[in-house]
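Listing of upload.tsv; format and content: TSV, C-alpha atoms.
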chain	number	residue	atom	x	y	z
C	1	MET	CA	75.08	90.27	79.16
C	2	THR	CA	78.56	90.86	77.88
C	3	ALA	CA	80.03	88.89	75.04
C	4	PRO	CA	81.81	85.84	76.39
C	5	ALA	CA	85.56	86.08	76.27
C	6	GLY	CA	87.56	83.83	74.05
C	7	VAL	CA	84.83	82.75	71.63
C	8	GLY	CA	86.59	84.36	68.72
C	9	VAL	CA	84.06	87.13	68.16
C	10	SER	CA	85.96	89.78	66.28
C	11	LEU	CA	85.09	93.42	66.61
C	12	GLY	CA	83.80	93.35	63.06
C	13	ASP	CA	81.34	90.56	63.83
C	14	PHE	CA	80.21	91.99	67.12
C	15	SER	CA	77.47	94.24	65.87
C	16	VAL	CA	76.54	97.64	67.19
C	17	ASP	CA	73.15	96.13	68.06
C	18	ASP	CA	74.78	93.52	70.31
C	19	LEU	CA	76.79	96.22	72.05
C	20	GLU	CA	73.73	98.39	72.50
C	21	THR	CA	71.81	95.42	73.89
C	22	SER	CA	74.51	94.50	76.37
C	23	ARG	CA	74.69	98.12	77.54
C	24	ARG	CA	70.92	98.28	78.03
C	25	GLU	CA	70.96	94.98	79.87
C	26	PHE	CA	73.70	95.96	82.28
C	27	ARG	CA	72.01	99.30	82.90
C	28	GLN	CA	68.72	97.54	83.61
C	29	GLN	CA	70.50	95.23	86.07
C	30	LEU	CA	71.86	98.30	87.87
C	31	PHE	CA	68.35	99.82	87.96
C	32	ASP	CA	66.81	96.54	89.19
C	33	ALA	CA	69.44	96.20	91.91
C	34	GLY	CA	68.85	99.82	92.89
C	35	PHE	CA	72.43	101.09	92.47
C	36	LEU	CA	71.25	103.60	89.88
C	37	VAL	CA	67.82	105.19	89.62
C	38	PRO	CA	66.64	106.40	86.21
C	39	THR	CA	65.75	110.07	85.72
C	40	GLY	CA	64.21	109.80	82.27
C	41	VAL	CA	67.38	111.23	80.73
C	42	ASP	CA	69.99	108.85	79.35
C	43	GLY	CA	73.29	109.34	81.13
C	44	LEU	CA	71.83	111.04	84.21
C	45	TYR	CA	71.11	108.82	87.20
C	46	LEU	CA	70.51	109.05	90.89
C	47	ARG	CA	72.88	106.82	92.83
C	48	ASP	CA	72.03	104.93	95.99
C	49	GLU	CA	74.13	104.78	99.15
C	50	ARG	CA	75.75	101.44	98.22
C	51	PHE	CA	76.96	102.94	94.94
C	52	GLU	CA	78.31	105.95	96.81
C	53	GLN	CA	80.12	103.69	99.31
C	54	ILE	CA	81.94	102.10	96.39
C	55	ALA	CA	82.72	105.54	94.94
C	56	ARG	CA	84.05	106.82	98.28
C	57	ALA	CA	86.20	103.72	98.71
C	58	ILE	CA	87.74	104.22	95.24
C	59	ASP	CA	88.39	107.89	96.02
C	60	ALA	CA	90.15	106.81	99.20
C	61	VAL	CA	92.31	104.30	97.29
C	62	VAL	CA	93.40	107.06	94.90
C	63	SER	CA	94.07	109.48	97.75
C	64	ARG	CA	96.18	106.95	99.63
C	65	SER	CA	98.21	106.25	96.51
C	66	CYS	CA	99.30	109.90	96.21
C	67	ALA	CA	99.51	110.74	99.88
C	68	GLY	CA	102.75	112.49	100.76
C	69	GLU	CA	103.34	113.69	97.19
C	70	VAL	CA	100.49	116.11	96.88
C	71	GLY	CA	100.78	119.73	97.91
C	72	ARG	CA	97.13	120.71	98.15
C	73	THR	CA	93.82	118.99	97.56
C	74	TYR	CA	90.86	120.80	96.03
C	75	HIS	CA	87.18	120.00	95.57
C	76	PHE	CA	85.53	121.70	92.60
C	77	PRO	CA	81.82	122.13	91.88
C	78	LEU	CA	80.09	121.17	88.64
C	79	VAL	CA	80.08	124.73	87.32
C	80	MET	CA	83.03	127.00	86.63
C	81	ALA	CA	83.68	130.36	84.99
C	82	ARG	CA	82.51	130.10	81.39
C	83	SER	CA	85.73	131.79	80.26
C	84	VAL	CA	87.63	128.61	81.20
C	85	LEU	CA	85.87	126.78	78.34
C	86	GLU	CA	87.42	129.27	75.93
C	87	ALA	CA	90.86	129.57	77.48
C	88	THR	CA	91.36	125.79	77.61
C	89	ASP	CA	90.20	125.55	73.95
C	90	TYR	CA	87.60	123.04	75.14
C	91	VAL	CA	84.73	124.71	73.33
C	92	ARG	CA	86.84	124.86	70.14
C	93	SER	CA	87.77	121.20	70.31
C	94	PHE	CA	84.66	119.63	71.86
C	95	PRO	CA	81.65	121.90	71.23
C	96	GLN	CA	79.46	118.77	71.09
C	97	LEU	CA	80.37	117.86	74.69
C	98	ALA	CA	80.44	121.32	76.26
C	99	GLY	CA	77.65	123.00	78.16
C	100	ILE	CA	76.97	126.46	79.55
C	101	VAL	CA	74.44	127.61	82.11
C	102	ASN	CA	71.51	129.72	80.95
C	103	SER	CA	69.17	131.69	83.16
C	104	PHE	CA	66.44	134.28	82.95
C	105	ASP	CA	67.51	137.91	82.90
C	106	GLY	CA	64.40	139.62	81.59
C	107	GLY	CA	61.84	141.91	83.23
C	108	ASP	CA	58.10	141.61	83.75
C	109	ARG	CA	57.32	141.76	80.06
C	110	GLU	CA	59.73	138.91	79.28
C	111	HIS	CA	58.43	137.01	82.29
C	112	ARG	CA	54.95	137.16	80.80
C	113	ARG	CA	56.28	135.67	77.56
C	114	LEU	CA	58.10	133.01	79.57
C	115	LEU	CA	54.94	132.01	81.40
C	116	GLY	CA	53.09	131.86	78.11
C	117	ALA	CA	55.78	129.72	76.52
C	118	ILE	CA	55.79	127.24	79.42
C	119	ASP	CA	52.04	126.77	79.19
C	120	LYS	CA	51.75	126.91	75.41
C	121	ASP	CA	54.49	124.88	73.76
C	122	GLY	CA	57.03	124.31	76.50
C	123	ASP	CA	59.62	126.17	74.46
C	124	TRP	CA	60.75	128.41	77.33
C	125	PRO	CA	64.49	127.55	77.21
C	126	GLN	CA	64.93	129.86	74.22
C	127	LEU	CA	63.86	132.75	76.46
C	128	MET	CA	66.77	132.10	78.80
C	129	ALA	CA	70.12	133.85	78.28
C	130	PRO	CA	73.68	132.59	78.76
C	131	THR	CA	75.26	133.37	82.14
C	132	ASP	CA	78.98	133.63	82.82
C	133	LEU	CA	78.95	130.04	84.08
C	134	GLY	CA	79.99	126.96	82.17
C	135	LEU	CA	79.71	123.32	83.12
C	136	CYS	CA	83.01	121.86	84.20
C	137	SER	CA	84.66	120.13	81.24
C	138	ALA	CA	87.41	118.26	83.12
C	139	ALA	CA	88.14	118.21	86.83
C	140	CYS	CA	91.51	119.91	86.39
C	141	HIS	CA	90.31	122.77	84.15
C	142	PRO	CA	89.19	125.12	86.96
C	143	LEU	CA	92.55	124.50	88.64
C	144	TYR	CA	94.63	126.36	86.04
C	145	PRO	CA	93.48	130.01	86.23
C	146	PRO	CA	94.62	130.49	89.86
C	147	GLN	CA	98.01	128.91	89.06
C	148	GLN	CA	99.02	131.94	87.00
C	149	GLY	CA	102.53	133.10	87.81
C	150	ARG	CA	105.73	131.30	88.77
C	151	LEU	CA	105.80	127.76	90.12
C	152	PRO	CA	108.14	126.54	92.84
C	153	ALA	CA	111.45	125.00	91.71
C	154	ARG	CA	110.16	121.42	91.88
C	155	GLY	CA	106.84	122.22	90.27
C	156	ARG	CA	103.55	121.53	91.94
C	157	VAL	CA	101.43	118.39	92.43
C	158	VAL	CA	97.76	118.94	93.16
C	159	GLU	CA	94.95	116.51	93.90
C	160	VAL	CA	91.54	117.45	92.52
C	161	TYR	CA	88.08	116.08	93.13
C	162	GLY	CA	85.71	117.39	90.51
C	163	GLN	CA	82.38	116.86	88.85
C	164	VAL	CA	82.27	116.94	85.09
C	165	PHE	CA	79.58	117.39	82.45
C	166	ARG	CA	79.74	115.84	78.98
C	167	HIS	CA	76.81	116.21	76.63
C	168	GLU	CA	76.67	112.67	75.28
C	169	PRO	CA	73.40	110.96	76.20
C	170	SER	CA	73.77	107.21	75.94
C	171	VAL	CA	72.18	103.99	77.15
C	172	ASP	CA	75.67	102.89	78.16
C	173	PRO	CA	75.65	103.18	81.96
C	174	ALA	CA	79.40	103.88	81.77
C	175	ARG	CA	78.77	106.95	79.61
C	176	MET	CA	77.17	109.30	82.08
C	177	GLN	CA	76.56	112.96	81.31
C	178	VAL	CA	77.57	114.00	84.83
C	179	PHE	CA	80.32	112.13	86.64
C	180	ARG	CA	83.28	112.50	88.97
C	181	GLN	CA	86.93	112.68	88.05
C	182	HIS	CA	89.58	112.31	90.72
C	183	GLU	CA	92.79	113.75	89.35
C	184	VAL	CA	96.39	114.14	90.34
C	185	VAL	CA	97.85	117.04	88.37
C	186	TYR	CA	101.48	118.07	87.87
C	187	LEU	CA	102.61	121.54	86.87
C	188	GLY	CA	106.27	122.16	86.17
C	189	ASP	CA	108.82	121.45	83.46
C	190	ALA	CA	108.45	119.20	80.40
C	191	ASP	CA	110.45	116.28	81.82
C	192	GLY	CA	108.56	116.39	85.09
C	193	ALA	CA	105.24	116.32	83.24
C	194	ARG	CA	106.19	113.30	81.12
C	195	HIS	CA	107.53	111.53	84.18
C	196	HIS	CA	104.32	112.22	86.14
C	197	ARG	CA	102.19	110.83	83.33
C	198	ASP	CA	104.29	107.69	82.83
C	199	ARG	CA	104.52	107.00	86.53
C	200	TRP	CA	100.75	107.28	86.88
C	201	VAL	CA	100.15	104.85	84.01
C	202	GLU	CA	102.13	102.30	86.02
C	203	ARG	CA	100.53	103.25	89.29
C	204	GLY	CA	97.05	103.26	87.75
C	205	LEU	CA	97.60	99.74	86.40
C	206	GLU	CA	98.76	98.64	89.82
C	207	ILE	CA	95.72	100.16	91.56
C	208	HIS	CA	93.31	98.46	89.17
C	209	HIS	CA	95.16	95.15	89.46
C	210	ARG	CA	94.71	95.33	93.22
C	211	LEU	CA	90.99	95.72	92.55
C	212	ARG	CA	91.19	92.56	90.40
C	213	LEU	CA	90.06	94.39	87.28
C	214	ASP	CA	91.02	93.19	83.81
C	215	ILE	CA	92.94	96.33	82.92
C	216	GLU	CA	95.14	97.30	79.98
C	217	ALA	CA	96.93	100.48	78.93
C	218	GLU	CA	96.21	101.83	75.43
C	219	ILE	CA	97.39	104.84	73.47
C	220	ALA	CA	94.28	106.94	72.89
C	221	ASN	CA	92.95	110.25	71.66
C	222	ASP	CA	90.25	112.60	72.83
C	223	PRO	CA	86.99	112.79	70.82
C	224	PHE	CA	87.86	116.05	69.07
C	225	PHE	CA	84.99	117.40	66.97
C	226	GLY	CA	84.75	117.12	63.20
C	227	ARG	CA	87.33	117.14	60.40
C	228	THR	CA	89.62	119.56	62.19
C	229	GLY	CA	89.45	117.19	65.15
C	230	GLU	CA	91.04	114.45	63.08
C	231	VAL	CA	94.22	116.51	62.81
C	232	LEU	CA	94.26	117.08	66.56
C	233	ALA	CA	93.52	113.41	67.32
C	234	ALA	CA	96.22	112.19	64.96
C	235	GLY	CA	98.73	114.58	66.52
C	236	GLN	CA	97.77	113.49	70.01
C	237	ARG	CA	98.29	109.83	69.11
C	238	ALA	CA	101.54	110.45	67.23
C	239	GLU	CA	103.01	112.15	70.28
C	240	VAL	CA	101.51	109.58	72.69
C	241	LEU	CA	99.97	112.30	74.82
C	242	LYS	CA	97.03	110.26	76.08
C	243	VAL	CA	97.11	106.78	77.61
C	244	GLU	CA	93.86	105.18	78.71
C	245	LEU	CA	93.47	102.30	81.11
C	246	VAL	CA	90.63	100.23	79.70
C	247	CYS	CA	88.52	97.51	81.28
C	248	PRO	CA	85.54	95.51	79.96
C	249	ILE	CA	82.26	96.83	81.37
C	250	CYS	CA	79.60	96.18	78.74
C	251	SER	CA	81.75	94.45	76.15
C	252	PHE	CA	84.99	92.51	75.94
C	253	ASP	CA	85.49	93.78	72.39
C	254	GLU	CA	85.14	97.41	73.29
C	255	PRO	CA	86.49	97.86	76.81
C	256	THR	CA	85.79	101.16	78.51
C	257	ALA	CA	88.41	103.72	79.53
C	258	ILE	CA	88.11	103.99	83.30
C	259	THR	CA	91.25	106.03	83.95
C	260	SER	CA	93.42	108.18	81.70
C	261	ALA	CA	96.84	109.73	82.01
C	262	ASN	CA	97.60	112.73	79.87
C	263	CYS	CA	100.43	115.02	78.86
C	264	HIS	CA	99.15	118.51	78.03
C	265	LEU	CA	102.55	119.81	76.90
C	266	ASP	CA	102.52	123.59	77.52
C	267	HIS	CA	98.90	124.00	76.44
C	268	PHE	CA	97.55	125.11	79.81
C	269	GLY	CA	100.78	126.80	80.86
C	270	ALA	CA	100.58	129.06	77.79
C	271	ALA	CA	96.83	129.63	78.08
C	272	PHE	CA	96.94	130.65	81.74
C	273	GLY	CA	100.35	132.31	82.07
C	274	ILE	CA	101.90	129.62	84.28
C	275	GLU	CA	105.72	129.61	84.39
C	276	THR	CA	108.38	127.28	85.72
C	277	SER	CA	110.82	128.63	88.30
C	278	ASP	CA	113.19	129.31	85.37
C	279	GLY	CA	110.61	131.47	83.64
C	280	ASP	CA	109.73	128.98	80.88
C	281	VAL	CA	106.13	128.25	79.95
C	282	ALA	CA	105.01	125.49	82.31
C	283	HIS	CA	104.05	122.02	81.11
C	284	SER	CA	101.37	119.99	82.82
C	285	ALA	CA	100.13	116.42	83.03
C	286	CYS	CA	97.33	114.68	84.84
C	287	VAL	CA	95.91	111.32	85.72
C	288	GLY	CA	92.14	111.20	85.95
C	289	PHE	CA	90.31	108.34	87.64
C	290	GLY	CA	86.72	107.97	86.42
C	291	ILE	CA	85.09	107.16	89.72
C	292	GLU	CA	81.69	106.01	88.42
C	293	ARG	CA	83.30	103.94	85.68
C	294	ILE	CA	85.61	102.19	88.13
C	295	ALA	CA	82.59	101.51	90.39
C	296	LEU	CA	80.73	100.05	87.40
C	297	ALA	CA	83.75	97.97	86.40
C	298	LEU	CA	83.84	96.54	89.93
C	299	LEU	CA	80.10	95.80	89.87
C	300	HIS	CA	80.37	94.19	86.45
C	301	THR	CA	83.48	92.17	87.26
C	302	HIS	CA	82.71	91.06	90.79
C	303	GLY	CA	78.92	91.07	90.79
C	304	LEU	CA	76.10	93.17	92.14
C	305	GLU	CA	76.62	92.07	95.75
C	306	PRO	CA	79.62	94.04	97.06
C	307	SER	CA	79.48	92.09	100.35
C	308	ARG	CA	80.42	89.00	98.31
C	309	TRP	CA	83.28	90.54	96.38
C	310	PRO	CA	86.59	88.68	96.72
C	311	ALA	CA	88.42	89.33	99.98
C	312	ALA	CA	91.42	90.77	98.11
C	313	VAL	CA	89.19	93.37	96.47
C	314	ARG	CA	87.48	94.27	99.73
C	315	ASP	CA	90.88	94.54	101.42
C	316	SER	CA	92.09	96.89	98.68
C	317	LEU	CA	89.00	99.03	99.25
C	318	ALA	CA	89.76	98.98	103.00
C	319	TRP	CA	86.37	97.36	103.69
Q	320	MET	CA	100.72	129.67	45.29
Q	321	ASP	CA	103.58	130.30	47.74
Q	322	ASP	CA	102.60	133.91	48.33
Q	323	GLU	CA	99.06	132.90	49.11
Q	324	ILE	CA	100.20	130.12	51.47
Q	325	ARG	CA	102.44	132.59	53.28
Q	326	GLN	CA	99.61	135.10	53.51
Q	327	VAL	CA	97.26	132.54	55.12
Q	328	LEU	CA	100.08	131.46	57.41
Q	329	ALA	CA	100.63	135.07	58.48
Q	330	GLU	CA	96.90	135.51	59.16
Q	331	GLN	CA	96.22	132.23	60.93
Q	332	GLY	CA	99.53	130.84	62.18
Q	333	LYS	CA	100.12	133.19	65.13
Q	334	LEU	CA	103.81	132.39	64.80
Q	335	ALA	CA	106.49	133.75	67.08
Q	336	VAL	CA	108.45	135.02	64.05
Q	337	GLU	CA	107.75	136.92	60.84
Q	338	VAL	CA	106.53	134.61	58.10
Q	339	SER	CA	109.02	136.20	55.68
Q	340	THR	CA	111.90	134.84	57.77
Q	341	ILE	CA	110.65	131.24	57.48
Q	342	GLY	CA	112.21	128.94	54.90
Q	343	ASP	CA	110.10	126.56	52.82
Q	344	ASP	CA	111.38	123.57	54.78
Q	345	ASP	CA	111.42	125.08	58.26
Q	346	ASP	CA	109.30	123.28	60.85
Q	347	LEU	CA	106.27	125.49	61.48
Q	348	TYR	CA	105.48	123.81	64.79
Q	349	ARG	CA	108.95	124.76	66.01
Q	350	ALA	CA	108.26	128.29	64.80
Q	351	GLY	CA	105.37	128.43	67.25
Q	352	LEU	CA	102.44	126.94	65.32
Q	353	THR	CA	100.14	125.50	68.01
Q	354	SER	CA	97.69	122.65	67.40
Q	355	HIS	CA	94.78	125.05	67.33
Q	356	ALA	CA	96.55	127.53	65.09
Q	357	SER	CA	97.25	124.64	62.70
Q	358	ILE	CA	93.48	124.02	62.58
Q	359	ASN	CA	92.84	127.66	61.70
Q	360	LEU	CA	95.61	127.42	59.12
Q	361	MET	CA	93.96	124.35	57.61
Q	362	LEU	CA	90.56	126.07	57.41
Q	363	GLY	CA	92.17	129.25	56.05
Q	364	LEU	CA	93.94	127.29	53.30
Q	365	GLU	CA	90.69	125.50	52.39
Q	366	ASP	CA	88.95	128.86	52.00
Q	367	ALA	CA	91.79	130.50	50.10
Q	368	PHE	CA	92.28	127.64	47.63
Q	369	ASP	CA	88.68	126.44	47.57
Q	370	VAL	CA	89.64	122.87	48.43
Q	371	GLU	CA	88.83	120.37	51.13
Q	372	PHE	CA	91.67	118.36	52.58
Q	373	PRO	CA	90.71	114.67	52.32
Q	374	GLN	CA	90.91	112.22	55.21
Q	375	HIS	CA	94.46	111.06	54.52
Q	376	MET	CA	95.75	114.63	54.66
Q	377	LEU	CA	94.17	115.41	58.04
Q	378	ARG	CA	97.51	114.95	59.77
Q	379	LYS	CA	99.86	117.27	61.57
Q	380	LYS	CA	102.54	116.46	58.97
Q	381	THR	CA	100.50	118.04	56.18
Q	382	PHE	CA	100.93	121.44	57.84
Q	383	GLU	CA	104.49	120.96	59.07
Q	384	THR	CA	106.30	123.09	56.49
Q	385	ILE	CA	105.45	125.46	53.67
Q	386	SER	CA	106.74	122.77	51.28
Q	387	SER	CA	104.44	120.11	52.70
Q	388	ILE	CA	101.47	122.46	52.44
Q	389	ARG	CA	102.41	123.27	48.85
Q	390	LEU	CA	102.65	119.57	48.01
Q	391	ALA	CA	99.23	118.84	49.49
Q	392	LEU	CA	97.60	121.80	47.75
Q	393	SER	CA	99.26	120.92	44.43
Q	394	GLU	CA	97.73	117.45	44.66
Q	395	LEU	CA	94.31	118.90	45.42
Q	396	THR	CA	94.30	121.68	42.83
Q	397	GLY	CA	96.17	119.76	40.14
Q	398	THR	CA	98.82	122.47	39.99
Q	399	PRO	CA	102.32	121.06	39.42
Q	400	VAL	CA	104.85	121.61	42.19
Q	401	ARG	CA	107.53	124.06	41.19
When written as structure tokens, how does the structure in this file appear?
Amino acid sequence: MTAPAGVGVSLGDFSVDDLETSRREFRQQLFDAGFLVPTGVDGLYLRDERFEQIARAIDAVVSRSCAGEVGRTYHFPLVMARSVLEATDYVRSFPQLAGIVNSFDGGDREHRRLLGAIDKDGDWPQLMAPTDLGLCSAACHPLYPPQQGRLPARGRVVEVYGQVFRHEPSVDPARMQVFRQHEVVYLGDADGARHHRDRWVERGLEIHHRLRLDIEAEIANDPFFGRTGEVLAAGQRAEVLKVELVCPICSFDEPTAITSANCHLDHFGAAFGIETSDGDVAHSACVGFGIERIALALLHTHGLEPSRWPAAVRDSLAW
Amino acid sequence: MDDEIRQVLAEQGKLAVEVSTIGDDDDLYRAGLTSHASINLMLGLEDAFDVEFPQHMLRKKTFETISSIRLALSELTGTPVR
């Protein structure tokens, strides 16, 4: 169970053990109710149809909220060109979260060794070689390479449905290793990017309020790796580039980010040769809705029986 | 110390301008130092001066100008600032 609100438990007193326990308990409730099915790997779950109905309804809410403003909508698979991990700097900044796809490229002799390794010690993965595929690091990342060139005068707004991999096994059901991000991305000038981000913080709050979620906006930073990451994180916070919308899922003391709105400055514009209509390096910004996390927030807040959720919530989900 | 700082900056900074044209108090980020180049600059300075920037120096401001880098390195190496 989650820590009760308003009992004066400070973050310092709320131990890591308590948090771990509440995460395990909520995950077990989701298993028992059948929404998620364990796979034996923390952070990787099968989802049942009721969970997917919630996910689809949230996707539809997001889509309705940007209808009429979006130029094109794309659906991206879980894998992308490995080169995108380099060009976005993702593998420099988050090597601990990144993943690439390996496969077998040997001949008969190597195949024999592979068969032996499987039977002997199970250590066959080391006989696989990297392919030119990487696991998608953020739904919008595969979007940027094809945007190379000059943007229209008013920039471009794109809706993206994507699957994302993050190597961070956890008992926290809200920290999945594979999950969906539904993004609305802006490409254009610096003012337009900042405006897009700020507007989507407001709109994101509004969407979550309509779902009767206890939501708050917080300045945040990405989990950049290591000592060098501290410089990047501090810079990101100082410039208020990332705002997360957080909601209690497993703990009131440590609410979970379920949506984030980000300014990328000209990072992707420079990396992928994207220009404004004036020929300047393009800026970009995105809002990313964490579909599974929002579904979990709804299940946690309103209970494990969606048919009994408050009418206002069901109305907002168009149920 | 300044020559060595400028040399690391030239190697790692990937600036839009020649390092020799940059004044000690010029903003390096405005001169084209990206976040990731500032990381390479930080690691390059640690190697060149055999130091490790402590937690409180792991900030963008530390690498903002040649003067601010000199100040940080002086503190770490015990060399007085000129």
Name the closest residue to chain C among the candidates Q:Leu364, Q:Leu390, Q:Met376, Q:Leu395; distances are taken between atoms, counting only C-alpha atoms.
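Between Q:Leu364, Q:Leu390, Q:Met376, Q:Leu395, the residue approaching chain C most closely is Q:Met376.
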Find the residues in chain Q near chain C: any atom within 6 Å counts, using all atoms listed in the file. Write them as a list in words.
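Residues satisfying the distance criterion: Ile358, Leu377, Arg378 and Lys379 of chain Q.
For the atom pair formed by CA of Gln126 in chain C and CA of Val101 in chain C, the distance is 12.6 Å, given to one decimal.
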Could you check the closest approach to His209 in chain C for each of C:Leu265, C:Val246, C:Gly116, C:Val164 and tell me which residue wins, using all atoms listed in the file?
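Among C:Leu265, C:Val246, C:Gly116, C:Val164, it is C:Val246 that comes nearest to His209 in chain C.
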Please, what distance in Å, to one decimal, runs between CA of Gly134 in chain C and CA of His75 in chain C?
16.7 Å
What's the 12 Å shell around Glu383 in chain Q, counting all atoms listed in the file, without same-chain residues fewer than 4 positions away, as a PDB file with C-alpha atoms, in the frame of the given file?
ATOM      1  CA  VAL C 231      94.220 116.510  62.810  1.00  0.00           C
ATOM      2  CA  GLY C 235      98.730 114.580  66.520  1.00  0.00           C
TER       3      GLY C 235
ATOM      4  CA  LEU Q 328     100.080 131.460  57.410  1.00  0.00           C
ATOM      5  CA  GLY Q 332      99.530 130.840  62.180  1.00  0.00           C
ATOM      6  CA  GLY Q 342     112.210 128.940  54.900  1.00  0.00           C
ATOM      7  CA  ASP Q 343     110.100 126.560  52.820  1.00  0.00           C
ATOM      8  CA  ASP Q 344     111.380 123.570  54.780  1.00  0.00           C
ATOM      9  CA  ASP Q 345     111.420 125.080  58.260  1.00  0.00           C
ATOM     10  CA  ASP Q 346     109.300 123.280  60.850  1.00  0.00           C
ATOM     11  CA  LEU Q 347     106.270 125.490  61.480  1.00  0.00           C
ATOM     12  CA  TYR Q 348     105.480 123.810  64.790  1.00  0.00           C
ATOM     13  CA  ARG Q 349     108.950 124.760  66.010  1.00  0.00           C
ATOM     14  CA  ALA Q 350     108.260 128.290  64.800  1.00  0.00           C
ATOM     15  CA  GLY Q 351     105.370 128.430  67.250  1.00  0.00           C
ATOM     16  CA  LEU Q 352     102.440 126.940  65.320  1.00  0.00           C
ATOM     17  CA  THR Q 353     100.140 125.500  68.010  1.00  0.00           C
ATOM     18  CA  SER Q 354      97.690 122.650  67.400  1.00  0.00           C
ATOM     19  CA  ALA Q 356      96.550 127.530  65.090  1.00  0.00           C
ATOM     20  CA  SER Q 357      97.250 124.640  62.700  1.00  0.00           C
ATOM     21  CA  ILE Q 358      93.480 124.020  62.580  1.00  0.00           C
ATOM     22  CA  LEU Q 360      95.610 127.420  59.120  1.00  0.00           C
ATOM     23  CA  MET Q 361      93.960 124.350  57.610  1.00  0.00           C
ATOM     24  CA  MET Q 376      95.750 114.630  54.660  1.00  0.00           C
ATOM     25  CA  LEU Q 377      94.170 115.410  58.040  1.00  0.00           C
ATOM     26  CA  ARG Q 378      97.510 114.950  59.770  1.00  0.00           C
ATOM     27  CA  LYS Q 379      99.860 117.270  61.570  1.00  0.00           C
ATOM     28  CA  SER Q 387     104.440 120.110  52.700  1.00  0.00           C
ATOM     29  CA  ILE Q 388     101.470 122.460  52.440  1.00  0.00           C
ATOM     30  CA  ARG Q 389     102.410 123.270  48.850  1.00  0.00           C
ATOM     31  CA  LEU Q 390     102.650 119.570  48.010  1.00  0.00           C
ATOM     32  CA  ALA Q 391      99.230 118.840  49.490  1.00  0.00           C
TER      33      ALA Q 391
END
For a quick check of understanding, using only C-alpha atoms, which of Q:His355, Q:Met320, Q:Phe382, Q:Glu371 has the smallest distance to Lys333 in chain Q?
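Checking each of Q:His355, Q:Met320, Q:Phe382, Q:Glu371 against Lys333 in chain Q, counting only C-alpha atoms, the winner is Q:His355.
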